Amino acid sequence: MDLQNMNPSSLKSRFATRFLRALTKINAQKPISSSSSREIFQRYRRIKVAADKSMAYSVRSRRSWSRATLWRLRTRSPRSRLATLARRSSVKTRTTRAASHGATVVDRKSHGKENKEDGGVEAEELRELVPGGEAMDLCNLLDETAHYIKCLTTQVQVMRTIANLYSLH
Amino acid sequence: MSSRRSRSRQAGSNARISDDQINDLVSKLHQLLPEIRNAHSDKVSAAKVLQETCNYIRSLHTEVDDLSERLSELLATADTAQAAIIRTLLMQ
């Protein structure tokens, strides 16, 4: 990754800036005994959320998937009633989806109503992976997926570079 | 922007999304996938592309997870001077 000539307004640069800022904050909250496994796990959670958040903020509301991510992050607060409702309904869908995963592909295809319209079984799988995918029609889903993948690969690139830099002694 | 455009396109035809549109988007997705086992890269079915896309997204999620874990361990041992150096390196 070419660091010196990074375009300051590029997605990569915007994400790197935000993510580094978040990492610095997380690092600053480090207690004295900072290498217990519980501490490391909590820090891992915070870093992961910071990475996803930084990317979603770098894209802002220009994309359905980023809007969905930002909404999901905002309603994660335990005090929010919306969050509890969202969590309950997502657990329900996860359980029913897990149950139907046992069924064969043939069964699922025969149960799907507008299979050609919505892209079939594979598109359903994709809808679960792309934030906000459940509400998208096939066209938008494919479009959003392409952008989502580009952003994920950028996110991975930058995170890997930072990790490598931190590994240098 | 593009979602607004595609929405007005759909409002006009109203009925089915055109197959050409879908094929265009599917081939666009196909080009983003890593070219590991692509002997016949031009004639892959849409279902296969979607399947590969799902696998690719899952692997990316796993990578983010692993990197977050790695960073959490590195942060435990990093000192403030190191962090400052890294920040200046990446901000230039």
# chains A, B, ... in the order shown; residues from 1 in each chain; ligands from 1

$ interface_residues --of "chain A" --to "chain B" --cutoff "8 Å" --atoms "only C-alpha atoms" --output "ChimeraX atom specification"
/A:3-4,16-17,20,24,27,30,34-35,40-41,43-45,47-48,62,117,122-123,125-126,129,138-140,142-143,145-146,149-150,152-153,155-156,159-160,162-163,165-167

$ atom_distance --atom1 "atom CA of Ala68 of chain A" --atom2 "atom CA of Tyr148 of chain A"
11.8 Å

$ atom_distance --atom1 "atom CA of Glu35 of chain B" --atom2 "atom CA of Glu144 of chain A"
20.8 Å

$ residues_around --residues "Met55 of chain A" --least-positions-apart "6" --cutoff "10 Å" --atoms "only C-alpha atoms" --output "list of chain:residue names"
A:Leu11, A:Lys12, A:Arg14, A:Phe15, A:Ala16, A:Arg18, A:Phe19, A:Val49, A:Ser66, A:Thr69, A:Leu70, A:Cys151, A:Leu152, A:Thr154, A:Gln155

$ atom_distance --atom1 "atom CA of Ala56 of chain A" --atom2 "atom CA of Arg72 of chain A"
10.8 Å
